[in-house]
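Structure file coords-v9.cif (mmCIF, N, CA and C atoms) follows.
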```cif
data_run
#
loop_
_atom_site.group_PDB
_atom_site.id
_atom_site.type_symbol
_atom_site.label_atom_id
_atom_site.label_comp_id
_atom_site.auth_asym_id
_atom_site.auth_seq_id
_atom_site.Cartn_x
_atom_site.Cartn_y
_atom_site.Cartn_z
ATOM 1 N N MET A 1 -133.336 15.053 -148.885
ATOM 2 C CA MET A 1 -131.947 15.147 -149.265
ATOM 3 C C MET A 1 -131.518 16.605 -149.223
ATOM 4 N N VAL A 2 -130.353 16.867 -148.696
ATOM 5 C CA VAL A 2 -129.825 18.216 -148.608
ATOM 6 C C VAL A 2 -129.183 18.572 -149.934
ATOM 7 N N GLU A 3 -129.564 19.720 -150.480
ATOM 8 C CA GLU A 3 -128.969 20.179 -151.726
ATOM 9 C C GLU A 3 -128.254 21.486 -151.483
ATOM 10 N N ARG A 4 -127.039 21.560 -151.942
ATOM 11 C CA ARG A 4 -126.314 22.818 -151.908
ATOM 12 C C ARG A 4 -126.242 23.303 -153.335
ATOM 13 N N LYS A 5 -126.561 24.565 -153.536
ATOM 14 C CA LYS A 5 -126.558 25.089 -154.895
ATOM 15 C C LYS A 5 -125.612 26.276 -154.985
ATOM 16 N N LYS A 6 -124.983 26.382 -156.134
ATOM 17 C CA LYS A 6 -124.115 27.507 -156.435
ATOM 18 C C LYS A 6 -124.321 27.811 -157.906
ATOM 19 N N ASN A 7 -124.788 29.003 -158.215
ATOM 20 C CA ASN A 7 -125.064 29.393 -159.595
ATOM 21 C C ASN A 7 -126.015 28.404 -160.277
ATOM 22 N N ASN A 8 -127.072 28.026 -159.567
ATOM 23 C CA ASN A 8 -128.098 27.099 -160.070
ATOM 24 C C ASN A 8 -127.565 25.711 -160.406
ATOM 25 N N ARG A 9 -126.407 25.339 -159.869
ATOM 26 C CA ARG A 9 -125.850 23.998 -160.079
ATOM 27 C C ARG A 9 -125.730 23.320 -158.728
ATOM 28 N N ILE A 10 -126.077 22.055 -158.677
ATOM 29 C CA ILE A 10 -125.955 21.290 -157.445
ATOM 30 C C ILE A 10 -124.493 20.909 -157.282
ATOM 31 N N ILE A 11 -123.969 21.167 -156.079
ATOM 32 C CA ILE A 11 -122.580 20.799 -155.824
ATOM 33 C C ILE A 11 -122.542 19.592 -154.900
ATOM 34 N N LEU A 12 -121.384 19.215 -154.466
ATOM 35 C CA LEU A 12 -121.174 17.984 -153.716
ATOM 36 C C LEU A 12 -121.988 17.873 -152.431
ATOM 37 N N LEU A 13 -122.336 16.656 -152.114
ATOM 38 C CA LEU A 13 -122.929 16.317 -150.828
ATOM 39 C C LEU A 13 -121.751 15.994 -149.922
ATOM 40 N N VAL A 14 -121.584 16.752 -148.848
ATOM 41 C CA VAL A 14 -120.424 16.581 -147.978
ATOM 42 C C VAL A 14 -120.789 15.782 -146.728
ATOM 43 N N LYS A 15 -119.775 15.392 -145.994
ATOM 44 C CA LYS A 15 -119.952 14.543 -144.822
ATOM 45 C C LYS A 15 -120.921 15.163 -143.804
ATOM 46 N N SER A 16 -120.829 16.458 -143.591
ATOM 47 C CA SER A 16 -121.721 17.113 -142.625
ATOM 48 C C SER A 16 -123.187 17.012 -143.066
ATOM 49 N N ASP A 17 -123.429 17.037 -144.373
ATOM 50 C CA ASP A 17 -124.799 16.880 -144.884
ATOM 51 C C ASP A 17 -125.316 15.465 -144.616
ATOM 52 N N ILE A 18 -124.452 14.482 -144.778
ATOM 53 C CA ILE A 18 -124.831 13.093 -144.501
ATOM 54 C C ILE A 18 -125.166 12.942 -143.016
ATOM 55 N N ILE A 19 -124.369 13.563 -142.160
ATOM 56 C CA ILE A 19 -124.613 13.504 -140.711
ATOM 57 C C ILE A 19 -125.964 14.131 -140.375
ATOM 58 N N LYS A 20 -126.283 15.256 -140.998
ATOM 59 C CA LYS A 20 -127.573 15.918 -140.753
ATOM 60 C C LYS A 20 -128.740 15.026 -141.169
ATOM 61 N N GLU A 21 -128.612 14.381 -142.338
ATOM 62 C CA GLU A 21 -129.678 13.486 -142.824
ATOM 63 C C GLU A 21 -129.861 12.291 -141.890
ATOM 64 N N LEU A 22 -128.769 11.708 -141.448
ATOM 65 C CA LEU A 22 -128.861 10.569 -140.530
ATOM 66 C C LEU A 22 -129.420 11.001 -139.179
ATOM 67 N N LYS A 23 -129.103 12.209 -138.765
ATOM 68 C CA LYS A 23 -129.627 12.742 -137.494
ATOM 69 C C LYS A 23 -131.150 12.885 -137.569
ATOM 70 N N LYS A 24 -131.666 13.288 -138.731
ATOM 71 C CA LYS A 24 -133.115 13.405 -138.909
ATOM 72 C C LYS A 24 -133.794 12.040 -138.812
ATOM 73 N N LYS A 25 -133.150 11.022 -139.406
ATOM 74 C CA LYS A 25 -133.738 9.683 -139.410
ATOM 75 C C LYS A 25 -133.562 8.966 -138.080
ATOM 76 N N HIS A 26 -132.524 9.319 -137.351
ATOM 77 C CA HIS A 26 -132.227 8.664 -136.069
ATOM 78 C C HIS A 26 -131.962 9.723 -135.000
ATOM 79 N N PRO A 27 -133.020 10.389 -134.519
ATOM 80 C CA PRO A 27 -132.832 11.480 -133.556
ATOM 81 C C PRO A 27 -132.272 11.025 -132.202
ATOM 82 N N ASN A 28 -132.348 9.733 -131.909
ATOM 83 C CA ASN A 28 -131.832 9.246 -130.635
ATOM 84 C C ASN A 28 -130.300 9.179 -130.611
ATOM 85 N N LEU A 29 -129.662 9.251 -131.781
ATOM 86 C CA LEU A 29 -128.203 9.244 -131.849
ATOM 87 C C LEU A 29 -127.666 10.671 -131.842
ATOM 88 N N LYS A 30 -126.525 10.850 -131.187
ATOM 89 C CA LYS A 30 -125.874 12.152 -131.180
ATOM 90 C C LYS A 30 -125.101 12.322 -132.491
ATOM 91 N N SER A 31 -124.908 13.564 -132.877
ATOM 92 C CA SER A 31 -124.156 13.843 -134.099
ATOM 93 C C SER A 31 -122.739 13.291 -134.015
ATOM 94 N N SER A 32 -122.148 13.361 -132.835
ATOM 95 C CA SER A 32 -120.784 12.842 -132.665
ATOM 96 C C SER A 32 -120.745 11.324 -132.847
ATOM 97 N N GLN A 33 -121.814 10.636 -132.428
ATOM 98 C CA GLN A 33 -121.880 9.189 -132.623
ATOM 99 C C GLN A 33 -122.003 8.850 -134.109
ATOM 100 N N ILE A 34 -122.839 9.605 -134.799
ATOM 101 C CA ILE A 34 -123.019 9.386 -136.231
ATOM 102 C C ILE A 34 -121.706 9.646 -136.966
ATOM 103 N N GLU A 35 -121.016 10.703 -136.580
ATOM 104 C CA GLU A 35 -119.733 11.018 -137.210
ATOM 105 C C GLU A 35 -118.711 9.913 -136.966
ATOM 106 N N SER A 36 -118.707 9.353 -135.761
ATOM 107 C CA SER A 36 -117.797 8.249 -135.446
ATOM 108 C C SER A 36 -118.105 7.017 -136.300
ATOM 109 N N ILE A 37 -119.380 6.737 -136.486
ATOM 110 C CA ILE A 37 -119.788 5.598 -137.317
ATOM 111 C C ILE A 37 -119.325 5.800 -138.758
ATOM 112 N N LEU A 38 -119.533 7.000 -139.287
ATOM 113 C CA LEU A 38 -119.095 7.292 -140.654
ATOM 114 C C LEU A 38 -117.575 7.183 -140.781
ATOM 115 N N ASP A 39 -116.852 7.683 -139.781
ATOM 116 C CA ASP A 39 -115.386 7.588 -139.800
ATOM 117 C C ASP A 39 -114.930 6.137 -139.821
ATOM 118 N N ILE A 40 -115.584 5.295 -139.048
ATOM 119 C CA ILE A 40 -115.238 3.867 -139.023
ATOM 120 C C ILE A 40 -115.480 3.238 -140.394
ATOM 121 N N ILE A 41 -116.603 3.572 -141.012
ATOM 122 C CA ILE A 41 -116.924 3.029 -142.342
ATOM 123 C C ILE A 41 -115.876 3.467 -143.363
ATOM 124 N N PHE A 42 -115.576 4.766 -143.399
ATOM 125 C CA PHE A 42 -114.615 5.275 -144.372
ATOM 126 C C PHE A 42 -113.211 4.730 -144.116
ATOM 127 N N ASP A 43 -112.829 4.621 -142.845
ATOM 128 C CA ASP A 43 -111.511 4.069 -142.505
ATOM 129 C C ASP A 43 -111.399 2.612 -142.929
ATOM 130 N N THR A 44 -112.462 1.844 -142.719
ATOM 131 C CA THR A 44 -112.456 0.433 -143.107
ATOM 132 C C THR A 44 -112.325 0.282 -144.618
ATOM 133 N N ILE A 45 -113.057 1.093 -145.356
ATOM 134 C CA ILE A 45 -112.951 1.060 -146.818
ATOM 135 C C ILE A 45 -111.528 1.413 -147.245
ATOM 136 N N SER A 46 -110.984 2.476 -146.681
ATOM 137 C CA SER A 46 -109.629 2.920 -147.036
ATOM 138 C C SER A 46 -108.581 1.869 -146.713
ATOM 139 N N LYS A 47 -108.651 1.288 -145.523
ATOM 140 C CA LYS A 47 -107.659 0.293 -145.112
ATOM 141 C C LYS A 47 -107.687 -0.932 -146.019
ATOM 142 N N ASN A 48 -108.876 -1.356 -146.422
ATOM 143 C CA ASN A 48 -108.979 -2.511 -147.319
ATOM 144 C C ASN A 48 -108.450 -2.187 -148.712
ATOM 145 N N LEU A 49 -108.705 -0.987 -149.201
ATOM 146 C CA LEU A 49 -108.190 -0.609 -150.511
ATOM 147 C C LEU A 49 -106.668 -0.494 -150.495
ATOM 148 N N ILE A 50 -106.101 -0.026 -149.390
ATOM 149 C CA ILE A 50 -104.647 0.107 -149.276
ATOM 150 C C ILE A 50 -103.963 -1.245 -149.428
ATOM 151 N N VAL A 51 -104.580 -2.303 -148.919
ATOM 152 C CA VAL A 51 -103.990 -3.645 -149.026
ATOM 153 C C VAL A 51 -104.548 -4.424 -150.227
ATOM 154 N N ASN A 52 -105.051 -3.690 -151.217
ATOM 155 C CA ASN A 52 -105.552 -4.259 -152.479
ATOM 156 C C ASN A 52 -106.752 -5.194 -152.323
ATOM 157 N N LYS A 53 -107.577 -4.977 -151.334
ATOM 158 C CA LYS A 53 -108.811 -5.746 -151.184
ATOM 159 C C LYS A 53 -109.976 -4.921 -151.719
ATOM 160 N N SER A 54 -110.848 -5.558 -152.462
ATOM 161 C CA SER A 54 -112.042 -4.881 -152.951
ATOM 162 C C SER A 54 -113.057 -4.753 -151.820
ATOM 163 N N VAL A 55 -113.878 -3.724 -151.907
ATOM 164 C CA VAL A 55 -114.929 -3.496 -150.909
ATOM 165 C C VAL A 55 -116.253 -3.448 -151.647
ATOM 166 N N GLU A 56 -117.178 -4.300 -151.222
ATOM 167 C CA GLU A 56 -118.488 -4.336 -151.865
ATOM 168 C C GLU A 56 -119.563 -3.973 -150.852
ATOM 169 N N ILE A 57 -120.394 -3.018 -151.218
ATOM 170 C CA ILE A 57 -121.539 -2.629 -150.404
ATOM 171 C C ILE A 57 -122.761 -3.020 -151.223
ATOM 172 N N ARG A 58 -123.441 -4.051 -150.790
ATOM 173 C CA ARG A 58 -124.558 -4.621 -151.559
ATOM 174 C C ARG A 58 -125.589 -3.565 -151.907
ATOM 175 N N ASP A 59 -126.128 -3.652 -153.092
ATOM 176 C CA ASP A 59 -127.128 -2.732 -153.641
ATOM 177 C C ASP A 59 -126.643 -1.291 -153.735
ATOM 178 N N PHE A 60 -125.324 -1.092 -153.641
ATOM 179 C CA PHE A 60 -124.793 0.259 -153.799
ATOM 180 C C PHE A 60 -123.618 0.281 -154.775
ATOM 181 N N CYS A 61 -122.491 -0.318 -154.374
ATOM 182 C CA CYS A 61 -121.327 -0.233 -155.240
ATOM 183 C C CYS A 61 -120.236 -1.221 -154.836
ATOM 184 N N ARG A 62 -119.172 -1.185 -155.642
ATOM 185 C CA ARG A 62 -117.973 -1.946 -155.324
ATOM 186 C C ARG A 62 -116.777 -1.046 -155.606
ATOM 187 N N PHE A 63 -115.866 -0.954 -154.638
ATOM 188 C CA PHE A 63 -114.624 -0.225 -154.808
ATOM 189 C C PHE A 63 -113.512 -1.245 -154.996
ATOM 190 N N SER A 64 -112.641 -0.995 -155.950
ATOM 191 C CA SER A 64 -111.496 -1.876 -156.131
ATOM 192 C C SER A 64 -110.307 -1.049 -156.593
ATOM 193 N N ILE A 65 -109.137 -1.659 -156.561
ATOM 194 C CA ILE A 65 -107.913 -0.990 -156.974
ATOM 195 C C ILE A 65 -107.516 -1.498 -158.352
ATOM 196 N N ARG A 66 -107.185 -0.580 -159.225
ATOM 197 C CA ARG A 66 -106.649 -0.935 -160.536
ATOM 198 C C ARG A 66 -105.286 -0.273 -160.672
ATOM 199 N N THR A 67 -104.361 -1.005 -161.249
ATOM 200 C CA THR A 67 -103.021 -0.479 -161.452
ATOM 201 C C THR A 67 -102.855 -0.089 -162.914
ATOM 202 N N THR A 68 -102.402 1.150 -163.139
ATOM 203 C CA THR A 68 -102.163 1.599 -164.499
ATOM 204 C C THR A 68 -100.803 1.094 -164.961
ATOM 205 N N LYS A 69 -100.658 0.922 -166.237
ATOM 206 C CA LYS A 69 -99.387 0.465 -166.793
ATOM 207 C C LYS A 69 -98.398 1.633 -166.824
ATOM 208 N N PRO A 70 -97.114 1.338 -166.638
ATOM 209 C CA PRO A 70 -96.124 2.419 -166.771
ATOM 210 C C PRO A 70 -96.010 2.844 -168.241
ATOM 211 N N LYS A 71 -95.745 4.124 -168.443
ATOM 212 C CA LYS A 71 -95.601 4.638 -169.805
ATOM 213 C C LYS A 71 -94.149 5.053 -170.004
ATOM 214 N N HIS A 72 -93.522 4.423 -170.954
ATOM 215 C CA HIS A 72 -92.108 4.679 -171.187
ATOM 216 C C HIS A 72 -91.863 5.817 -172.165
ATOM 217 N N ASN A 73 -92.863 6.191 -172.921
ATOM 218 C CA ASN A 73 -92.637 7.233 -173.923
ATOM 219 C C ASN A 73 -93.693 8.340 -173.852
ATOM 220 N N ALA A 74 -94.076 8.728 -172.660
ATOM 221 C CA ALA A 74 -95.012 9.844 -172.507
ATOM 222 C C ALA A 74 -94.248 11.148 -172.754
ATOM 223 N N ARG A 75 -94.957 12.190 -173.100
ATOM 224 C CA ARG A 75 -94.298 13.482 -173.369
ATOM 225 C C ARG A 75 -94.711 14.525 -172.352
ATOM 226 N N ASP A 76 -93.747 15.332 -171.945
ATOM 227 C CA ASP A 76 -94.003 16.480 -171.085
ATOM 228 C C ASP A 76 -94.630 17.555 -171.969
ATOM 229 N N PRO A 77 -95.860 18.011 -171.674
ATOM 230 C CA PRO A 77 -96.524 18.970 -172.566
ATOM 231 C C PRO A 77 -95.815 20.332 -172.641
ATOM 232 N N ARG A 78 -95.086 20.701 -171.581
ATOM 233 C CA ARG A 78 -94.404 21.995 -171.602
ATOM 234 C C ARG A 78 -93.155 21.992 -172.472
ATOM 235 N N THR A 79 -92.355 20.928 -172.327
ATOM 236 C CA THR A 79 -91.074 20.902 -173.037
ATOM 237 C C THR A 79 -91.093 20.005 -174.263
ATOM 238 N N GLY A 80 -92.006 19.063 -174.306
ATOM 239 C CA GLY A 80 -92.070 18.130 -175.419
ATOM 240 C C GLY A 80 -91.089 16.974 -175.298
ATOM 241 N N SER A 81 -90.340 16.943 -174.200
ATOM 242 C CA SER A 81 -89.365 15.863 -174.019
ATOM 243 C C SER A 81 -90.056 14.580 -173.567
ATOM 244 N N ILE A 82 -89.432 13.450 -173.866
ATOM 245 C CA ILE A 82 -89.985 12.150 -173.500
ATOM 246 C C ILE A 82 -89.672 11.897 -172.022
ATOM 247 N N ILE A 83 -90.701 11.477 -171.279
ATOM 248 C CA ILE A 83 -90.528 11.187 -169.850
ATOM 249 C C ILE A 83 -91.090 9.808 -169.532
ATOM 250 N N TYR A 84 -90.682 9.275 -168.409
ATOM 251 C CA TYR A 84 -91.179 7.985 -167.939
ATOM 252 C C TYR A 84 -92.244 8.248 -166.891
ATOM 253 N N VAL A 85 -93.395 7.624 -167.035
ATOM 254 C CA VAL A 85 -94.483 7.734 -166.057
ATOM 255 C C VAL A 85 -94.643 6.356 -165.411
ATOM 256 N N PRO A 86 -94.365 6.252 -164.099
ATOM 257 C CA PRO A 86 -94.454 4.942 -163.438
ATOM 258 C C PRO A 86 -95.901 4.477 -163.302
ATOM 259 N N SER A 87 -96.077 3.194 -163.021
ATOM 260 C CA SER A 87 -97.437 2.673 -162.807
ATOM 261 C C SER A 87 -97.997 3.258 -161.525
ATOM 262 N N LYS A 88 -99.301 3.395 -161.487
ATOM 263 C CA LYS A 88 -99.985 3.982 -160.326
ATOM 264 C C LYS A 88 -101.197 3.143 -159.983
ATOM 265 N N LYS A 89 -101.615 3.247 -158.733
ATOM 266 C CA LYS A 89 -102.845 2.592 -158.301
ATOM 267 C C LYS A 89 -103.965 3.627 -158.286
ATOM 268 N N LYS A 90 -105.125 3.207 -158.781
ATOM 269 C CA LYS A 90 -106.298 4.085 -158.793
ATOM 270 C C LYS A 90 -107.487 3.337 -158.226
ATOM 271 N N VAL A 91 -108.366 4.077 -157.576
ATOM 272 C CA VAL A 91 -109.585 3.485 -157.041
ATOM 273 C C VAL A 91 -110.619 3.455 -158.155
ATOM 274 N N PHE A 92 -111.219 2.293 -158.337
ATOM 275 C CA PHE A 92 -112.247 2.095 -159.351
ATOM 276 C C PHE A 92 -113.581 1.901 -158.642
ATOM 277 N N PHE A 93 -114.595 2.635 -159.073
ATOM 278 C CA PHE A 93 -115.938 2.566 -158.499
ATOM 279 C C PHE A 93 -116.861 1.942 -159.532
ATOM 280 N N LYS A 94 -117.556 0.890 -159.137
ATOM 281 C CA LYS A 94 -118.545 0.287 -160.018
ATOM 282 C C LYS A 94 -119.875 0.233 -159.277
ATOM 283 N N MET A 95 -120.861 0.895 -159.837
ATOM 284 C CA MET A 95 -122.161 0.903 -159.166
ATOM 285 C C MET A 95 -122.874 -0.428 -159.354
ATOM 286 N N SER A 96 -123.731 -0.737 -158.404
ATOM 287 C CA SER A 96 -124.485 -1.989 -158.461
ATOM 288 C C SER A 96 -125.602 -1.870 -159.491
ATOM 289 N N LYS A 97 -126.119 -3.007 -159.856
ATOM 290 C CA LYS A 97 -127.235 -3.051 -160.804
ATOM 291 C C LYS A 97 -128.439 -2.304 -160.227
ATOM 292 N N HIS A 98 -128.675 -2.490 -158.928
ATOM 293 C CA HIS A 98 -129.798 -1.827 -158.259
ATOM 294 C C HIS A 98 -129.646 -0.304 -158.320
ATOM 295 N N LEU A 99 -128.453 0.202 -158.008
ATOM 296 C CA LEU A 99 -128.220 1.646 -158.040
ATOM 297 C C LEU A 99 -128.355 2.181 -159.463
ATOM 298 N N LYS A 100 -127.844 1.445 -160.428
ATOM 299 C CA LYS A 100 -127.940 1.852 -161.824
ATOM 300 C C LYS A 100 -129.395 1.980 -162.254
ATOM 301 N N GLU A 101 -130.218 1.016 -161.836
ATOM 302 C CA GLU A 101 -131.648 1.070 -162.168
ATOM 303 C C GLU A 101 -132.320 2.257 -161.493
ATOM 304 N N GLU A 102 -131.962 2.541 -160.247
ATOM 305 C CA GLU A 102 -132.543 3.671 -159.514
ATOM 306 C C GLU A 102 -132.178 5.002 -160.152
ATOM 307 N N ILE A 103 -130.932 5.129 -160.562
ATOM 308 C CA ILE A 103 -130.466 6.377 -161.196
ATOM 309 C C ILE A 103 -131.160 6.601 -162.532
ATOM 310 N N ASN A 104 -131.327 5.528 -163.291
ATOM 311 C CA ASN A 104 -131.884 5.635 -164.631
ATOM 312 C C ASN A 104 -133.408 5.483 -164.687
ATOM 313 N N LYS A 105 -134.033 5.380 -163.525
ATOM 314 C CA LYS A 105 -135.480 5.253 -163.480
ATOM 315 C C LYS A 105 -136.117 6.558 -163.956
ATOM 316 N N GLU A 106 -137.096 6.426 -164.826
ATOM 317 C CA GLU A 106 -137.799 7.629 -165.302
ATOM 318 C C GLU A 106 -138.811 8.055 -164.259
ATOM 319 N N SER A 107 -138.832 9.355 -164.004
ATOM 320 C CA SER A 107 -139.736 9.885 -162.978
ATOM 321 C C SER A 107 -141.105 10.131 -163.514
#
```

Translate this file's structure into structure tokens.
Amino acid sequence: MVERKKNNRIILLVKSDIIKELKKKHPNLKSSQIESILDIIFDTISKNLIVNKSVEIRDFCRFSIRTTKPKHNARDPRTGSIIYVPSKKKVFFKMSKHLKEEINKES
């Protein structure tokens, strides 16, 4: 696994790191092919979420859309005046039981 560190803290794993890891495991594929495959996967997930369809990747996670309720009496922190906050859609990530067990496994 590729680790990027900054001030002794691990930071995000980015798309280019994923491409490098897949290239190591599948040297017969070109990096551009791997990038195209990843783009297709991410685009498919995004398109399904846009139309309110959940996406489930077995043994990994489930992405779904949740709608927040509108708030009629929220306050603006700068002025203290009451403002209306409309409902919004948010992406919800739920990890699978398998992933949860892997993360919490004692080494």

Region 34-50 of chain A environment, 8 Å, only N, CA and C atoms, sequence neighbours closer than 3 positions dropped, as a list in words: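 The neighbour list is Lys15, Ile18, Ile19, Leu22, Lys23, Leu29, Lys30, Ser31, Lys53, Ser54, Val55, Phe63, Ser64, Ile65 and Val91 of chain A.
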
Taking all atoms of region 22-31 of chain A that the file lists and extending 8 Å past them on each side, where is the centre of the axis-aligned box and how long are its edges? Answer in Å to one decimal, as AutoDock Vina command-line options.
```
--center_x -128.3 --center_y 11.3 --center_z -136.0 --size_x 27.1 --size_y 21.2 --size_z 26.8
```

Among the residues of chain A, find those DSSP assigns to strand (DSSP E or B) from the backbone and print them as a PDB file with N, CA and C atoms, in the frame of the given file.
```
ATOM      1  N   LYS A   5    -126.561  24.565-153.536  1.00  0.00           N
ATOM      2  CA  LYS A   5    -126.558  25.089-154.895  1.00  0.00           C
ATOM      3  C   LYS A   5    -125.612  26.276-154.985  1.00  0.00           C
ATOM      4  N   LYS A   6    -124.983  26.382-156.134  1.00  0.00           N
ATOM      5  CA  LYS A   6    -124.115  27.507-156.435  1.00  0.00           C
ATOM      6  C   LYS A   6    -124.321  27.811-157.906  1.00  0.00           C
ATOM      7  N   ARG A   9    -126.407  25.339-159.869  1.00  0.00           N
ATOM      8  CA  ARG A   9    -125.850  23.998-160.079  1.00  0.00           C
ATOM      9  C   ARG A   9    -125.730  23.320-158.728  1.00  0.00           C
ATOM     10  N   ILE A  10    -126.077  22.055-158.677  1.00  0.00           N
ATOM     11  CA  ILE A  10    -125.955  21.290-157.445  1.00  0.00           C
ATOM     12  C   ILE A  10    -124.493  20.909-157.282  1.00  0.00           C
ATOM     13  N   VAL A  55    -113.878  -3.724-151.907  1.00  0.00           N
ATOM     14  CA  VAL A  55    -114.929  -3.496-150.909  1.00  0.00           C
ATOM     15  C   VAL A  55    -116.253  -3.448-151.647  1.00  0.00           C
ATOM     16  N   GLU A  56    -117.178  -4.300-151.222  1.00  0.00           N
ATOM     17  CA  GLU A  56    -118.488  -4.336-151.865  1.00  0.00           C
ATOM     18  C   GLU A  56    -119.563  -3.973-150.852  1.00  0.00           C
ATOM     19  N   ILE A  57    -120.394  -3.018-151.218  1.00  0.00           N
ATOM     20  CA  ILE A  57    -121.539  -2.629-150.404  1.00  0.00           C
ATOM     21  C   ILE A  57    -122.761  -3.020-151.223  1.00  0.00           C
ATOM     22  N   CYS A  61    -122.491  -0.318-154.374  1.00  0.00           N
ATOM     23  CA  CYS A  61    -121.327  -0.233-155.240  1.00  0.00           C
ATOM     24  C   CYS A  61    -120.236  -1.221-154.836  1.00  0.00           C
ATOM     25  N   ARG A  62    -119.172  -1.185-155.642  1.00  0.00           N
ATOM     26  CA  ARG A  62    -117.973  -1.946-155.324  1.00  0.00           C
ATOM     27  C   ARG A  62    -116.777  -1.046-155.606  1.00  0.00           C
ATOM     28  N   PHE A  63    -115.866  -0.954-154.638  1.00  0.00           N
ATOM     29  CA  PHE A  63    -114.624  -0.225-154.808  1.00  0.00           C
ATOM     30  C   PHE A  63    -113.512  -1.245-154.996  1.00  0.00           C
ATOM     31  N   SER A  64    -112.641  -0.995-155.950  1.00  0.00           N
ATOM     32  CA  SER A  64    -111.496  -1.876-156.131  1.00  0.00           C
ATOM     33  C   SER A  64    -110.307  -1.049-156.593  1.00  0.00           C
ATOM     34  N   ILE A  65    -109.137  -1.659-156.561  1.00  0.00           N
ATOM     35  CA  ILE A  65    -107.913  -0.990-156.974  1.00  0.00           C
ATOM     36  C   ILE A  65    -107.516  -1.498-158.352  1.00  0.00           C
ATOM     37  N   ARG A  66    -107.185  -0.580-159.225  1.00  0.00           N
ATOM     38  CA  ARG A  66    -106.649  -0.935-160.536  1.00  0.00           C
ATOM     39  C   ARG A  66    -105.286  -0.273-160.672  1.00  0.00           C
ATOM     40  N   THR A  67    -104.361  -1.005-161.249  1.00  0.00           N
ATOM     41  CA  THR A  67    -103.021  -0.479-161.452  1.00  0.00           C
ATOM     42  C   THR A  67    -102.855  -0.089-162.914  1.00  0.00           C
ATOM     43  N   LYS A  71     -95.745   4.124-168.443  1.00  0.00           N
ATOM     44  CA  LYS A  71     -95.601   4.638-169.805  1.00  0.00           C
ATOM     45  C   LYS A  71     -94.149   5.053-170.004  1.00  0.00           C
ATOM     46  N   HIS A  72     -93.522   4.423-170.954  1.00  0.00           N
ATOM     47  CA  HIS A  72     -92.108   4.679-171.187  1.00  0.00           C
ATOM     48  C   HIS A  72     -91.863   5.817-172.165  1.00  0.00           C
ATOM     49  N   ASN A  73     -92.863   6.191-172.921  1.00  0.00           N
ATOM     50  CA  ASN A  73     -92.637   7.233-173.923  1.00  0.00           C
ATOM     51  C   ASN A  73     -93.693   8.340-173.852  1.00  0.00           C
ATOM     52  N   ALA A  74     -94.076   8.728-172.660  1.00  0.00           N
ATOM     53  CA  ALA A  74     -95.012   9.844-172.507  1.00  0.00           C
ATOM     54  C   ALA A  74     -94.248  11.148-172.754  1.00  0.00           C
ATOM     55  N   ARG A  75     -94.957  12.190-173.100  1.00  0.00           N
ATOM     56  CA  ARG A  75     -94.298  13.482-173.369  1.00  0.00           C
ATOM     57  C   ARG A  75     -94.711  14.525-172.352  1.00  0.00           C
ATOM     58  N   ILE A  82     -89.432  13.450-173.866  1.00  0.00           N
ATOM     59  CA  ILE A  82     -89.985  12.150-173.500  1.00  0.00           C
ATOM     60  C   ILE A  82     -89.672  11.897-172.022  1.00  0.00           C
ATOM     61  N   ILE A  83     -90.701  11.477-171.279  1.00  0.00           N
ATOM     62  CA  ILE A  83     -90.528  11.187-169.850  1.00  0.00           C
ATOM     63  C   ILE A  83     -91.090   9.808-169.532  1.00  0.00           C
ATOM     64  N   TYR A  84     -90.682   9.275-168.409  1.00  0.00           N
ATOM     65  CA  TYR A  84     -91.179   7.985-167.939  1.00  0.00           C
ATOM     66  C   TYR A  84     -92.244   8.248-166.891  1.00  0.00           C
ATOM     67  N   VAL A  85     -93.395   7.624-167.035  1.00  0.00           N
ATOM     68  CA  VAL A  85     -94.483   7.734-166.057  1.00  0.00           C
ATOM     69  C   VAL A  85     -94.643   6.356-165.411  1.00  0.00           C
ATOM     70  N   LYS A  89    -101.615   3.247-158.733  1.00  0.00           N
ATOM     71  CA  LYS A  89    -102.845   2.592-158.301  1.00  0.00           C
ATOM     72  C   LYS A  89    -103.965   3.627-158.286  1.00  0.00           C
ATOM     73  N   LYS A  90    -105.125   3.207-158.781  1.00  0.00           N
ATOM     74  CA  LYS A  90    -106.298   4.085-158.793  1.00  0.00           C
ATOM     75  C   LYS A  90    -107.487   3.337-158.226  1.00  0.00           C
ATOM     76  N   VAL A  91    -108.366   4.077-157.576  1.00  0.00           N
ATOM     77  CA  VAL A  91    -109.585   3.485-157.041  1.00  0.00           C
ATOM     78  C   VAL A  91    -110.619   3.455-158.155  1.00  0.00           C
ATOM     79  N   PHE A  92    -111.219   2.293-158.337  1.00  0.00           N
ATOM     80  CA  PHE A  92    -112.247   2.095-159.351  1.00  0.00           C
ATOM     81  C   PHE A  92    -113.581   1.901-158.642  1.00  0.00           C
ATOM     82  N   PHE A  93    -114.595   2.635-159.073  1.00  0.00           N
ATOM     83  CA  PHE A  93    -115.938   2.566-158.499  1.00  0.00           C
ATOM     84  C   PHE A  93    -116.861   1.942-159.532  1.00  0.00           C
ATOM     85  N   LYS A  94    -117.556   0.890-159.137  1.00  0.00           N
ATOM     86  CA  LYS A  94    -118.545   0.287-160.018  1.00  0.00           C
ATOM     87  C   LYS A  94    -119.875   0.233-159.277  1.00  0.00           C
ATOM     88  N   MET A  95    -120.861   0.895-159.837  1.00  0.00           N
ATOM     89  CA  MET A  95    -122.161   0.903-159.166  1.00  0.00           C
ATOM     90  C   MET A  95    -122.874  -0.428-159.354  1.00  0.00           C
TER      91      MET A  95
END
```

Residues matched by the PyMOL selection byres (((chain A and resi 96 and name CA) around 9) and name CA) as number ranges by chain: A: 57-62, 94-95, 97-101

Interatomic distance (Å, one decimal) between CA of Leu13 (chain A) and atom C of Lys89 (chain A):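 Spanning CA of Leu13 (chain A) to atom C of Lys89 (chain A) is a straight-line distance of 24.0 Å.
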
Separation of atom C of Glu102 (chain A) from CA of Glu56 (chain A) in Å: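 Computing the Euclidean distance for CA of Glu56 (chain A) and atom C of Glu102 (chain A) yields 18.5 Å.
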
Alpha helix (DSSP H) per DSSP on the backbone: members of chain A, as a ChimeraX atom specification: /A:15-25,31-50,97-103

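Note that atom N of Thr68 (chain A) and atom C of Gly80 (chain A) are 22.9 Å apart.
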